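> Okay, so here is input12.txt, and as you'll see once you scroll down, it has compact mmCIF, C-alpha atoms.
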```txt
# COMPACT_ATOMS: atom_id res chain seq x y z
CA MET G 625 0.00 0.00 0.00
CA ASN G 626 1.37 3.39 -1.02
CA PHE G 627 -0.58 6.13 0.72
CA ASN G 628 0.95 8.73 -1.59
CA ALA G 629 -1.37 7.35 -4.29
CA LEU G 630 -4.06 9.34 -2.48
CA HIS G 631 -2.26 12.52 -3.47
CA LYS G 632 -3.17 11.69 -7.07
CA LEU G 633 -6.81 12.46 -6.31
CA GLY G 634 -7.83 15.80 -7.78
CA TYR G 635 -9.32 18.71 -5.87
CA GLY G 636 -9.77 22.44 -6.04
CA MET G 637 -8.89 24.83 -3.23
CA TYR G 638 -11.58 26.63 -1.27
CA VAL G 639 -12.26 28.88 1.68
CA VAL G 640 -15.30 27.50 3.50
CA GLY G 641 -17.15 29.96 5.74
CA SER G 642 -19.89 29.69 8.32
CA HIS G 643 -21.28 31.52 11.33
CA LYS G 644 -22.64 30.98 14.82
CA GLY G 645 -24.92 33.87 15.61
CA GLU G 646 -22.83 36.95 14.91
CA LYS G 647 -19.53 35.09 15.11
CA LEU G 648 -17.94 34.38 11.74
CA ASN G 649 -15.22 31.98 10.70
CA ALA G 650 -13.70 30.51 7.57
CA GLN G 651 -11.06 27.92 6.75
CA THR G 652 -9.29 26.46 3.75
CA ALA G 653 -10.59 23.15 2.45
CA ASN G 654 -9.90 20.97 -0.55
CA THR G 655 -12.88 18.61 -0.34
CA VAL G 656 -15.82 20.49 -1.82
CA PHE G 657 -17.71 18.48 -4.43
CA GLN G 658 -21.09 18.35 -6.08
CA ILE G 659 -23.27 15.37 -5.13
CA THR G 660 -26.45 15.76 -7.16
CA SER G 661 -27.46 18.06 -9.98
CA GLU G 662 -31.22 18.14 -9.38
CA PRO G 663 -31.60 19.65 -6.86
CA PRO G 664 -28.03 20.95 -6.85
CA THR G 665 -26.30 19.73 -3.71
CA VAL G 666 -22.71 20.02 -2.59
CA ALA G 667 -20.71 18.33 0.16
CA VAL G 668 -17.72 19.40 2.21
CA SER G 669 -15.59 17.38 4.63
CA ILE G 670 -14.53 19.33 7.74
CA ASN G 671 -12.44 18.15 10.69
CA LYS G 672 -14.44 17.92 13.93
CA GLN G 673 -11.70 19.82 15.77
CA ASN G 674 -12.15 22.85 13.54
CA LEU G 675 -14.18 25.86 14.63
CA THR G 676 -15.89 25.93 11.23
CA ASN G 677 -17.30 22.46 11.95
CA GLU G 678 -18.87 23.80 15.17
CA TYR G 679 -20.27 26.83 13.33
CA ILE G 680 -21.78 24.79 10.47
CA LYS G 681 -23.47 22.52 13.01
CA ALA G 682 -24.86 25.59 14.80
CA SER G 683 -26.10 27.57 11.77
CA LYS G 684 -26.68 24.72 9.27
CA VAL G 685 -25.20 26.84 6.49
CA PHE G 686 -21.85 27.20 4.79
CA SER G 687 -20.23 29.10 1.95
CA ALA G 688 -17.40 27.98 -0.29
CA SER G 689 -15.23 30.41 -2.25
CA VAL G 690 -13.28 28.86 -5.13
CA LEU G 691 -9.70 30.13 -5.02
CA CYS G 692 -7.94 31.23 -8.19
CA GLN G 693 -4.54 29.89 -9.21
CA THR G 694 -2.76 33.14 -8.34
CA THR G 695 -3.86 33.09 -4.69
CA PRO G 696 -0.81 33.94 -2.53
CA LEU G 697 0.39 31.19 -0.21
CA PRO G 698 0.14 33.40 2.93
CA PHE G 699 -3.54 34.00 2.16
CA ILE G 700 -4.21 30.25 2.09
CA GLY G 701 -2.07 29.69 5.16
CA GLY G 702 -3.95 32.38 7.05
CA PHE G 703 -7.14 30.35 6.68
CA GLY G 704 -5.49 26.95 7.01
CA PHE G 705 -2.87 26.93 9.72
CA LYS G 706 -4.56 29.17 12.28
CA SER G 707 -7.69 28.62 14.33
CA GLY G 708 -10.55 31.08 14.49
CA ARG G 709 -10.52 30.39 18.23
CA ASP G 710 -7.23 32.31 18.52
CA THR G 711 -7.55 34.97 15.85
CA ASP G 712 -10.07 36.80 13.64
CA LYS G 713 -9.16 35.15 10.34
CA LEU G 714 -11.36 37.52 8.35
CA LYS G 715 -9.59 40.67 9.60
CA GLY G 716 -8.19 42.54 6.60
CA VAL G 717 -9.92 40.20 4.16
CA ASN G 718 -12.51 41.35 1.63
CA TYR G 719 -15.72 39.38 2.24
CA LYS G 720 -19.46 39.81 2.30
CA ILE G 721 -22.19 38.35 4.43
CA GLY G 722 -24.04 36.02 2.10
CA GLN G 723 -27.76 35.38 1.96
CA THR G 724 -27.28 32.46 4.36
CA GLY G 725 -25.51 34.70 6.87
CA ALA G 726 -22.22 32.91 6.25
CA PRO G 727 -19.19 35.01 5.33
CA VAL G 728 -18.29 34.71 1.66
CA VAL G 729 -14.60 35.44 1.09
CA LEU G 730 -14.13 37.52 -2.09
CA ASP G 731 -10.35 38.07 -2.18
CA ASN G 732 -8.72 35.65 -4.65
CA ALA G 733 -12.09 33.99 -5.28
CA THR G 734 -13.15 33.17 -8.84
CA ALA G 735 -16.58 31.87 -7.83
CA TYR G 736 -18.57 31.09 -4.71
CA LEU G 737 -21.58 29.15 -3.54
CA GLU G 738 -23.73 29.06 -0.43
CA ALA G 739 -25.56 26.03 0.89
CA GLU G 740 -28.07 25.01 3.55
CA VAL G 741 -27.19 21.74 5.25
CA ILE G 742 -29.72 18.97 4.55
CA GLN G 743 -27.69 16.02 5.85
CA SER G 744 -24.51 15.48 7.77
CA VAL G 745 -22.48 12.32 8.21
CA GLU G 746 -19.91 11.65 10.90
CA VAL G 747 -16.92 9.74 9.51
CA GLY G 748 -14.25 9.28 12.17
CA THR G 749 -12.34 12.54 12.58
CA HIS G 750 -14.44 14.43 10.02
CA THR G 751 -18.02 15.46 9.27
CA ILE G 752 -19.36 15.45 5.72
CA PHE G 753 -21.87 18.28 5.45
CA ILE G 754 -24.25 17.94 2.51
CA GLY G 755 -25.97 21.16 1.52
CA LYS G 756 -28.59 22.35 -0.90
CA ILE G 757 -27.14 25.17 -2.97
CA VAL G 758 -29.04 28.41 -2.45
CA ALA G 759 -26.61 30.83 -4.08
CA ALA G 760 -23.85 30.45 -6.67
CA GLU G 761 -22.01 33.12 -8.65
CA ILE G 762 -19.00 33.39 -10.92
CA LEU G 763 -16.80 36.34 -9.92
CA THR G 764 -13.94 36.24 -12.43
CA GLU G 765 -12.78 34.17 -15.39
CA ASP G 766 -9.51 33.32 -13.61
CA VAL G 767 -8.16 29.78 -13.66
CA CYS G 768 -8.92 27.90 -10.45
CA MET G 769 -6.19 26.61 -8.19
CA THR G 770 -5.93 22.86 -7.98
CA TYR G 771 -4.70 21.04 -4.90
CA ASP G 772 -1.94 19.57 -7.06
CA TYR G 773 -0.82 23.07 -8.15
CA TYR G 774 -0.84 24.16 -4.52
CA HIS G 775 1.55 21.31 -3.65
CA GLN G 776 3.72 21.09 -6.76
CA VAL G 777 4.06 24.70 -7.81
CA LYS G 778 3.27 26.75 -4.72
CA ARG G 779 5.04 24.25 -2.44
CA GLY G 780 2.09 24.43 -0.08
CA THR G 781 1.80 22.00 2.82
CA THR G 782 -1.08 20.13 4.42
CA PRO G 783 -2.17 20.61 8.05
CA LYS G 784 -2.65 17.52 10.21
CA THR G 785 -6.38 18.22 10.42
CA ALA G 786 -6.91 17.92 6.64
CA PRO G 787 -8.59 14.83 5.14
CA SER G 788 -5.58 14.38 2.87
CA TYR G 789 -2.83 14.57 5.51
CA ILE G 790 -0.40 11.63 5.34
CA PRO G 791 1.84 11.17 8.40
CA PRO G 792 5.59 10.85 7.69
CA GLU G 793 5.62 7.30 9.15
CA LYS G 794 3.23 6.31 6.36
CA GLY G 795 5.51 7.78 3.74
CA GLY G 796 3.80 11.17 3.54
CA LYS G 797 5.81 14.03 2.13
CA PRO G 798 5.60 17.47 3.81
CA MET F 1224 -27.88 32.16 -9.12
CA ASN F 1225 -25.46 31.01 -11.79
CA PHE F 1226 -25.27 27.24 -11.82
CA ASN F 1227 -22.17 27.35 -14.02
CA ALA F 1228 -20.30 28.49 -10.89
CA LEU F 1229 -20.45 24.81 -9.91
CA HIS F 1230 -18.21 24.00 -12.86
CA LYS F 1231 -15.46 25.92 -11.05
CA LEU F 1232 -15.24 23.14 -8.48
CA GLY F 1233 -12.14 21.03 -9.03
CA TYR F 1234 -12.08 17.28 -9.55
CA GLY F 1235 -9.96 14.54 -11.02
CA MET F 1236 -11.21 11.92 -13.45
CA TYR F 1237 -11.60 8.31 -12.41
CA VAL F 1238 -12.86 4.91 -13.48
CA VAL F 1239 -14.72 3.39 -10.54
CA GLY F 1240 -15.11 -0.40 -10.59
CA SER F 1241 -17.09 -2.92 -8.59
CA HIS F 1242 -18.50 -6.41 -8.84
CA LYS F 1243 -21.56 -8.48 -8.03
CA GLY F 1244 -20.45 -12.06 -7.68
CA GLU F 1245 -18.55 -12.79 -10.89
CA LYS F 1246 -20.11 -9.90 -12.77
CA LEU F 1247 -17.81 -6.89 -13.18
CA ASN F 1248 -18.53 -3.29 -14.09
CA ALA F 1249 -16.82 0.08 -14.11
CA GLN F 1250 -17.78 3.66 -14.90
CA THR F 1251 -16.23 7.09 -15.14
CA ALA F 1252 -16.68 9.37 -12.17
CA ASN F 1253 -15.35 12.74 -11.13
CA THR F 1254 -16.35 12.74 -7.46
CA VAL F 1255 -13.74 10.66 -5.65
CA PHE F 1256 -12.33 12.38 -2.59
CA GLN F 1257 -10.56 11.57 0.63
CA ILE F 1258 -12.61 12.05 3.81
CA THR F 1259 -10.27 11.15 6.67
CA SER F 1260 -6.55 10.46 6.86
CA GLU F 1261 -6.54 8.17 9.92
CA PRO F 1262 -7.84 5.66 9.04
CA PRO F 1263 -7.66 6.58 5.34
CA THR F 1264 -11.17 6.75 3.93
CA VAL F 1265 -12.43 7.83 0.56
CA ALA F 1266 -15.89 8.66 -0.77
CA VAL F 1267 -17.46 8.42 -4.19
CA SER F 1268 -20.84 9.72 -5.41
CA ILE F 1269 -22.60 7.34 -7.82
CA ASN F 1270 -25.98 7.76 -9.51
CA LYS F 1271 -28.58 5.27 -8.27
CA GLN F 1272 -29.52 4.44 -11.87
CA ASN F 1273 -26.02 3.21 -12.62
CA LEU F 1274 -25.14 -0.48 -12.60
CA THR F 1275 -22.01 0.30 -10.59
CA ASN F 1276 -24.21 1.62 -7.78
CA GLU F 1277 -26.04 -1.73 -7.68
CA TYR F 1278 -22.75 -3.64 -7.69
CA ILE F 1279 -21.18 -1.56 -4.90
CA LYS F 1280 -24.27 -2.12 -2.77
CA ALA F 1281 -24.02 -5.87 -3.43
CA SER F 1282 -20.29 -6.37 -2.86
CA LYS F 1283 -19.56 -3.43 -0.50
CA VAL F 1284 -16.31 -2.75 -2.33
CA PHE F 1285 -15.10 -0.42 -5.06
CA SER F 1286 -11.94 0.52 -6.88
CA ALA F 1287 -10.97 3.87 -8.33
CA SER F 1288 -8.35 4.29 -11.05
CA VAL F 1289 -6.96 7.80 -11.42
CA LEU F 1290 -6.87 8.71 -15.11
CA CYS F 1291 -3.84 10.43 -16.60
CA GLN F 1292 -4.12 13.63 -18.63
CA THR F 1293 -3.41 11.85 -21.93
CA THR F 1294 -6.40 9.49 -21.60
CA PRO F 1295 -8.17 9.39 -25.00
CA LEU F 1296 -11.71 10.75 -25.04
CA PRO F 1297 -13.21 7.51 -26.47
CA PHE F 1298 -11.77 5.59 -23.52
CA ILE F 1299 -13.54 7.89 -21.07
CA GLY F 1300 -16.72 7.84 -23.14
CA GLY F 1301 -16.68 4.06 -23.20
CA PHE F 1302 -17.01 4.01 -19.43
CA GLY F 1303 -19.24 7.08 -19.17
CA PHE F 1304 -21.89 7.07 -21.84
CA LYS F 1305 -22.70 3.36 -21.98
CA SER F 1306 -24.32 1.09 -19.41
CA GLY F 1307 -22.81 -2.17 -18.26
CA ARG F 1308 -26.35 -3.55 -18.61
CA ASP F 1309 -26.03 -3.32 -22.39
CA THR F 1310 -22.36 -4.00 -23.00
CA ASP F 1311 -19.23 -5.46 -21.40
CA LYS F 1312 -17.39 -2.21 -20.76
CA LEU F 1313 -14.19 -3.99 -19.74
CA LYS F 1314 -13.86 -5.89 -23.03
CA GLY F 1315 -10.54 -4.98 -24.63
CA VAL F 1316 -9.45 -3.01 -21.58
CA ASN F 1317 -6.37 -3.88 -19.51
CA TYR F 1318 -7.48 -4.48 -15.93
CA LYS F 1319 -6.82 -6.73 -12.96
CA ILE F 1320 -9.02 -8.18 -10.28
CA GLY F 1321 -8.00 -6.34 -7.15
CA GLN F 1322 -7.75 -7.74 -3.65
CA THR F 1323 -11.34 -6.66 -3.01
CA GLY F 1324 -12.54 -8.58 -6.07
CA ALA F 1325 -13.36 -5.33 -7.85
CA PRO F 1326 -11.90 -4.76 -11.31
CA VAL F 1327 -9.05 -2.24 -11.29
CA VAL F 1328 -8.68 -0.56 -14.69
CA LEU F 1329 -4.98 -0.18 -15.57
CA ASP F 1330 -5.10 1.42 -19.03
CA ASN F 1331 -4.47 5.17 -18.78
CA ALA F 1332 -4.35 4.92 -14.97
CA THR F 1333 -1.63 6.74 -13.06
CA ALA F 1334 -2.70 5.36 -9.66
CA TYR F 1335 -5.47 3.32 -8.11
CA LEU F 1336 -7.08 2.53 -4.81
CA GLU F 1337 -9.49 -0.07 -3.49
CA ALA F 1338 -11.92 0.43 -0.64
CA GLU F 1339 -14.37 -1.48 1.54
CA VAL F 1340 -17.62 0.39 2.13
CA ILE F 1341 -18.11 1.37 5.78
CA GLN F 1342 -21.00 3.81 5.32
CA SER F 1343 -23.32 4.86 2.54
CA VAL F 1344 -25.57 7.90 2.34
CA GLU F 1345 -28.53 8.33 0.02
CA VAL F 1346 -28.73 11.90 -1.31
CA GLY F 1347 -31.57 12.25 -3.80
CA THR F 1348 -30.48 10.76 -7.13
CA HIS F 1349 -27.06 9.65 -5.85
CA THR F 1350 -25.44 7.48 -3.19
CA ILE F 1351 -22.27 8.56 -1.44
CA PHE F 1352 -20.26 5.44 -0.67
CA ILE F 1353 -17.63 5.92 2.03
CA GLY F 1354 -14.92 3.29 2.02
CA LYS F 1355 -11.90 2.34 4.09
CA ILE F 1356 -8.88 2.16 1.80
CA VAL F 1357 -7.41 -1.35 1.71
CA ALA F 1358 -5.11 -0.96 -1.30
CA ALA F 1359 -3.46 2.02 -3.00
CA GLU F 1360 -0.65 2.12 -5.54
CA ILE F 1361 1.01 4.62 -7.83
CA LEU F 1362 1.40 3.18 -11.35
CA THR F 1363 3.10 5.98 -13.29
CA GLU F 1364 4.40 9.50 -12.72
CA ASP F 1365 2.04 10.88 -15.38
CA VAL F 1366 0.10 14.06 -14.74
CA CYS F 1367 -3.50 13.38 -13.70
CA MET F 1368 -6.44 14.55 -15.76
CA THR F 1369 -8.59 17.20 -14.13
CA TYR F 1370 -12.29 17.56 -14.81
CA ASP F 1371 -11.57 21.07 -16.04
CA TYR F 1372 -9.00 19.77 -18.55
CA TYR F 1373 -11.51 17.18 -19.72
CA HIS F 1374 -14.02 19.94 -20.46
CA GLN F 1375 -11.78 22.78 -21.65
CA VAL F 1376 -9.06 20.97 -23.58
CA LYS F 1377 -10.54 17.59 -24.45
CA ARG F 1378 -13.98 19.09 -25.11
CA GLY F 1379 -15.50 16.28 -23.11
CA THR F 1380 -19.17 16.36 -22.14
CA THR F 1381 -21.12 15.37 -19.05
CA PRO F 1382 -23.80 12.64 -18.98
CA LYS F 1383 -27.16 13.48 -17.41
CA THR F 1384 -26.49 10.97 -14.65
CA ALA F 1385 -23.38 12.80 -13.38
CA PRO F 1386 -23.48 14.83 -10.15
CA SER F 1387 -22.18 17.84 -12.07
CA TYR F 1388 -24.68 17.80 -14.96
CA ILE F 1389 -26.36 21.18 -15.53
CA PRO F 1390 -29.47 21.11 -17.75
CA PRO F 1391 -29.53 23.65 -20.61
CA GLU F 1392 -32.60 25.37 -19.12
CA LYS F 1393 -30.45 26.25 -16.10
CA GLY F 1394 -27.76 27.72 -18.29
CA GLY F 1395 -25.63 24.59 -18.52
CA LYS F 1396 -23.20 24.36 -21.39
CA PRO F 1397 -22.80 21.01 -23.18
```
Translate the structure of the given file into structure tokens.


Amino acid sequence: MNFNALHKLGYGMYVVGSHKGEKLNAQTANTVFQITSEPPTVAVSINKQNLTNEYIKASKVFSASVLCQTTPLPFIGGFGFKSGRDTDKLKGVNYKIGQTGAPVVLDNATAYLEAEVIQSVEVGTHTIFIGKIVAAEILTEDVCMTYDYYHQVKRGTTPKTAPSYIPPEKGGKP
Amino acid sequence: MNFNALHKLGYGMYVVGSHKGEKLNAQTANTVFQITSEPPTVAVSINKQNLTNEYIKASKVFSASVLCQTTPLPFIGGFGFKSGRDTDKLKGVNYKIGQTGAPVVLDNATAYLEAEVIQSVEVGTHTIFIGKIVAAEILTEDVCMTYDYYHQVKRGTTPKTAPSYIPPEKGGKP
């Protein structure tokens, strides 16, 4: 078994936002994917330790901004390697409050969607939230960043809380 | 709402295989994604009308071969626009029976994995199968095909049974 085969799976790069009352948070994610076309539904896998998981469970809504290929690494890191429990991750970031009440990050975003959770599934360390899409817009014609581009070209790394993290003892590369 | 925003989501391209007793089938899919890293689990969204859905429910196993960027369009179409009910889709294709008993397509594959289903979730027209990974290998160092590349460069199209299909009346492009 070669766990690095899992790094051949293809993903985009996203900032997923949610809220709990007036508190807002957002985090990077790579697992956002459409499940059905009619009605349009989308799923996202979020670590149970993450504040965004708590917020999605509280508000039953989430947003996902699709990052463009030119997104600077520090921007991604700011949403990926810090917790909203310790810092206001949206400070200094251009965003709007979407129709669901979730923050929709606009900086470096080429498109976004908002969804209302209709099902959620606990799978070990993560929750899969399945949402009905209630808003979706294209913002720019920019090329989207792929997870592969993030790793190969941007030399980005993966936090331990990500679905795709491979520990070094299993042959995972940084 | 612009449903074409959903086409900005990033995916790879896969052939997902399963079996029912000695009967084998496989189909193209774009929604294969890792859910947890410890233990490694992966999910796939498969239309309930598809024979592969029936086979995965029967055998509780599936394989996923990651297609390389140079995969010819007719190869993808052969697994995507035909039903295993009408034709033997694996005829003439290089594959092996994996350790789960599922067929693992090797032609045009840069990596593959096999999984045992631990949970499944019905979401409207589709089932999300969540599997524990029991085999995973890298086959070549080829670049993987992205769903975007399939559409933009290969001019590939999307069958109505795919999660990402957008009907023309909702602004979907062929």

> Using all atoms listed in the file, I'd like every residue of chain G that has an atom within 6 Å of chain F; please write them out as a count of residues only.

18

> In Å, with one decimal, what is the gap from CA of Gly722 (chain G) to CA of Gln693 (chain G)?

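Straight-line distance from CA of Gly722 (chain G) to CA of Gln693 (chain G) works out to 23.4 Å.
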
> Mind pulling up the distance from CA of Val717 (chain G) to CA of Asp731 (chain G)?

6.7 Å

> When you look at region 706-710 of chain G with a cut-off of 7 Å (counting only C-alpha atoms), what residues show up, excluding the ones that are within fewer than 3 positions of it in the same chain? I need them as a compact mmCIF listing (two decimals) with C-alpha atoms, keeping the file's coordinate frame.


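This is the output file selection33.txt:
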```
# COMPACT_ATOMS: atom_id res chain seq x y z
CA ASN G 649 -15.22 31.98 10.70
CA LEU G 675 -14.18 25.86 14.63
CA GLY G 702 -3.95 32.38 7.05
CA PHE G 703 -7.14 30.35 6.68
CA LYS G 713 -9.16 35.15 10.34
```

> After superposing chain G onto chain F (least squares, all C-alpha atoms, pairing by order), export the transformed chain as a short mmCIF file (atom, residue, chain, number, x, y, z; two decimals) with C-alpha atoms, keeping the file's coordinate frame.


```cif
data_model
loop_
_atom_site.label_atom_id
_atom_site.label_comp_id
_atom_site.auth_asym_id
_atom_site.auth_seq_id
_atom_site.Cartn_x
_atom_site.Cartn_y
_atom_site.Cartn_z
CA MET G 625 -27.87 32.15 -9.10
CA ASN G 626 -25.44 31.01 -11.78
CA PHE G 627 -25.26 27.23 -11.80
CA ASN G 628 -22.16 27.36 -14.00
CA ALA G 629 -20.28 28.48 -10.87
CA LEU G 630 -20.44 24.80 -9.91
CA HIS G 631 -18.20 24.01 -12.85
CA LYS G 632 -15.46 25.93 -11.04
CA LEU G 633 -15.23 23.14 -8.47
CA GLY G 634 -12.14 21.02 -9.03
CA TYR G 635 -12.07 17.27 -9.56
CA GLY G 636 -9.94 14.53 -11.02
CA MET G 637 -11.21 11.92 -13.45
CA TYR G 638 -11.60 8.30 -12.41
CA VAL G 639 -12.86 4.90 -13.48
CA VAL G 640 -14.71 3.39 -10.53
CA GLY G 641 -15.11 -0.40 -10.59
CA SER G 642 -17.08 -2.91 -8.58
CA HIS G 643 -18.51 -6.41 -8.84
CA LYS G 644 -21.57 -8.48 -8.03
CA GLY G 645 -20.46 -12.06 -7.68
CA GLU G 646 -18.55 -12.78 -10.88
CA LYS G 647 -20.10 -9.89 -12.78
CA LEU G 648 -17.82 -6.89 -13.18
CA ASN G 649 -18.52 -3.29 -14.10
CA ALA G 650 -16.82 0.08 -14.10
CA GLN G 651 -17.80 3.65 -14.90
CA THR G 652 -16.24 7.08 -15.15
CA ALA G 653 -16.67 9.36 -12.16
CA ASN G 654 -15.34 12.74 -11.13
CA THR G 655 -16.34 12.74 -7.45
CA VAL G 656 -13.74 10.66 -5.65
CA PHE G 657 -12.32 12.39 -2.58
CA GLN G 658 -10.54 11.57 0.64
CA ILE G 659 -12.60 12.05 3.81
CA THR G 660 -10.26 11.16 6.66
CA SER G 661 -6.56 10.45 6.86
CA GLU G 662 -6.54 8.16 9.90
CA PRO G 663 -7.85 5.65 9.03
CA PRO G 664 -7.65 6.58 5.35
CA THR G 665 -11.17 6.74 3.94
CA VAL G 666 -12.43 7.83 0.56
CA ALA G 667 -15.89 8.66 -0.76
CA VAL G 668 -17.47 8.42 -4.19
CA SER G 669 -20.84 9.71 -5.41
CA ILE G 670 -22.61 7.34 -7.82
CA ASN G 671 -25.99 7.76 -9.52
CA LYS G 672 -28.59 5.27 -8.27
CA GLN G 673 -29.53 4.44 -11.87
CA ASN G 674 -26.03 3.22 -12.62
CA LEU G 675 -25.14 -0.47 -12.60
CA THR G 676 -22.00 0.30 -10.59
CA ASN G 677 -24.21 1.63 -7.78
CA GLU G 678 -26.05 -1.72 -7.68
CA TYR G 679 -22.75 -3.63 -7.70
CA ILE G 680 -21.17 -1.55 -4.89
CA LYS G 681 -24.28 -2.12 -2.77
CA ALA G 682 -24.03 -5.86 -3.44
CA SER G 683 -20.29 -6.36 -2.85
CA LYS G 684 -19.56 -3.43 -0.50
CA VAL G 685 -16.30 -2.75 -2.33
CA PHE G 686 -15.11 -0.42 -5.05
CA SER G 687 -11.94 0.51 -6.88
CA ALA G 688 -10.98 3.87 -8.33
CA SER G 689 -8.35 4.28 -11.05
CA VAL G 690 -6.96 7.80 -11.42
CA LEU G 691 -6.86 8.71 -15.11
CA CYS G 692 -3.84 10.44 -16.60
CA GLN G 693 -4.11 13.63 -18.63
CA THR G 694 -3.40 11.85 -21.92
CA THR G 695 -6.38 9.49 -21.60
CA PRO G 696 -8.17 9.39 -24.99
CA LEU G 697 -11.71 10.75 -25.03
CA PRO G 698 -13.20 7.52 -26.47
CA PHE G 699 -11.76 5.59 -23.52
CA ILE G 700 -13.54 7.89 -21.06
CA GLY G 701 -16.71 7.84 -23.13
CA GLY G 702 -16.69 4.06 -23.21
CA PHE G 703 -17.00 4.01 -19.43
CA GLY G 704 -19.25 7.06 -19.18
CA PHE G 705 -21.89 7.07 -21.86
CA LYS G 706 -22.69 3.36 -22.00
CA SER G 707 -24.31 1.10 -19.43
CA GLY G 708 -22.81 -2.16 -18.27
CA ARG G 709 -26.34 -3.54 -18.60
CA ASP G 710 -26.02 -3.33 -22.40
CA THR G 711 -22.35 -4.01 -23.00
CA ASP G 712 -19.21 -5.47 -21.39
CA LYS G 713 -17.38 -2.20 -20.76
CA LEU G 714 -14.18 -3.99 -19.74
CA LYS G 715 -13.85 -5.89 -23.04
CA GLY G 716 -10.53 -4.97 -24.64
CA VAL G 717 -9.44 -3.01 -21.57
CA ASN G 718 -6.37 -3.88 -19.51
CA TYR G 719 -7.48 -4.46 -15.91
CA LYS G 720 -6.83 -6.72 -12.97
CA ILE G 721 -9.03 -8.17 -10.29
CA GLY G 722 -8.01 -6.34 -7.15
CA GLN G 723 -7.74 -7.74 -3.65
CA THR G 724 -11.34 -6.66 -3.02
CA GLY G 725 -12.54 -8.57 -6.08
CA ALA G 726 -13.36 -5.32 -7.86
CA PRO G 727 -11.90 -4.76 -11.32
CA VAL G 728 -9.06 -2.25 -11.29
CA VAL G 729 -8.68 -0.57 -14.68
CA LEU G 730 -4.97 -0.18 -15.57
CA ASP G 731 -5.11 1.43 -19.04
CA ASN G 732 -4.47 5.19 -18.77
CA ALA G 733 -4.35 4.92 -14.97
CA THR G 734 -1.62 6.73 -13.04
CA ALA G 735 -2.69 5.36 -9.66
CA TYR G 736 -5.48 3.32 -8.13
CA LEU G 737 -7.08 2.53 -4.81
CA GLU G 738 -9.48 -0.07 -3.48
CA ALA G 739 -11.92 0.44 -0.64
CA GLU G 740 -14.38 -1.48 1.53
CA VAL G 741 -17.61 0.40 2.13
CA ILE G 742 -18.12 1.37 5.78
CA GLN G 743 -21.00 3.82 5.32
CA SER G 744 -23.32 4.87 2.56
CA VAL G 745 -25.58 7.89 2.35
CA GLU G 746 -28.54 8.34 0.03
CA VAL G 747 -28.73 11.90 -1.30
CA GLY G 748 -31.57 12.26 -3.79
CA THR G 749 -30.49 10.77 -7.12
CA HIS G 750 -27.07 9.66 -5.84
CA THR G 751 -25.44 7.47 -3.19
CA ILE G 752 -22.26 8.57 -1.43
CA PHE G 753 -20.25 5.44 -0.68
CA ILE G 754 -17.63 5.93 2.02
CA GLY G 755 -14.91 3.30 2.04
CA LYS G 756 -11.91 2.33 4.08
CA ILE G 757 -8.89 2.15 1.80
CA VAL G 758 -7.42 -1.34 1.69
CA ALA G 759 -5.11 -0.96 -1.29
CA ALA G 760 -3.46 2.03 -2.99
CA GLU G 761 -0.65 2.11 -5.54
CA ILE G 762 1.02 4.61 -7.83
CA LEU G 763 1.40 3.19 -11.35
CA THR G 764 3.11 5.98 -13.29
CA GLU G 765 4.40 9.50 -12.72
CA ASP G 766 2.03 10.89 -15.37
CA VAL G 767 0.08 14.07 -14.73
CA CYS G 768 -3.51 13.38 -13.71
CA MET G 769 -6.44 14.55 -15.77
CA THR G 770 -8.58 17.19 -14.14
CA TYR G 771 -12.29 17.55 -14.81
CA ASP G 772 -11.57 21.07 -16.03
CA TYR G 773 -8.99 19.76 -18.55
CA TYR G 774 -11.51 17.17 -19.71
CA HIS G 775 -14.02 19.95 -20.46
CA GLN G 776 -11.78 22.78 -21.65
CA VAL G 777 -9.08 20.97 -23.56
CA LYS G 778 -10.54 17.59 -24.46
CA ARG G 779 -13.99 19.09 -25.10
CA GLY G 780 -15.51 16.27 -23.10
CA THR G 781 -19.19 16.36 -22.14
CA THR G 782 -21.13 15.37 -19.05
CA PRO G 783 -23.82 12.66 -19.00
CA LYS G 784 -27.18 13.48 -17.42
CA THR G 785 -26.51 10.97 -14.64
CA ALA G 786 -23.39 12.80 -13.38
CA PRO G 787 -23.49 14.84 -10.15
CA SER G 788 -22.19 17.84 -12.08
CA TYR G 789 -24.68 17.80 -14.96
CA ILE G 790 -26.37 21.18 -15.52
CA PRO G 791 -29.49 21.12 -17.72
CA PRO G 792 -29.54 23.63 -20.61
CA GLU G 793 -32.61 25.38 -19.11
CA LYS G 794 -30.44 26.24 -16.11
CA GLY G 795 -27.76 27.70 -18.32
CA GLY G 796 -25.62 24.56 -18.53
CA LYS G 797 -23.22 24.31 -21.43
CA PRO G 798 -22.85 20.97 -23.27
#
```

> Between CA of Asn1331 (chain F) and CA of His1242 (chain F), what is the spacing in Å?

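CA of His1242 (chain F) sits 20.7 Å away from CA of Asn1331 (chain F).
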
> Go through G:Thr694, G:Leu648, G:Arg779, G:Ala653 and flag the residue nearest Lys715 (chain G), using all atoms listed in the file for the distances.

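For Lys715 (chain G), the nearest of the given residues is G:Leu648.
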
> For Ile721 (chain G), please output as a PyMOL selection string all residues within 12 Å (counting all atoms listed in the file; exclusion window: fewer than 5 positions along the same chain).

chain G and resi 641-643+646-650+686-687+714+726-730+738
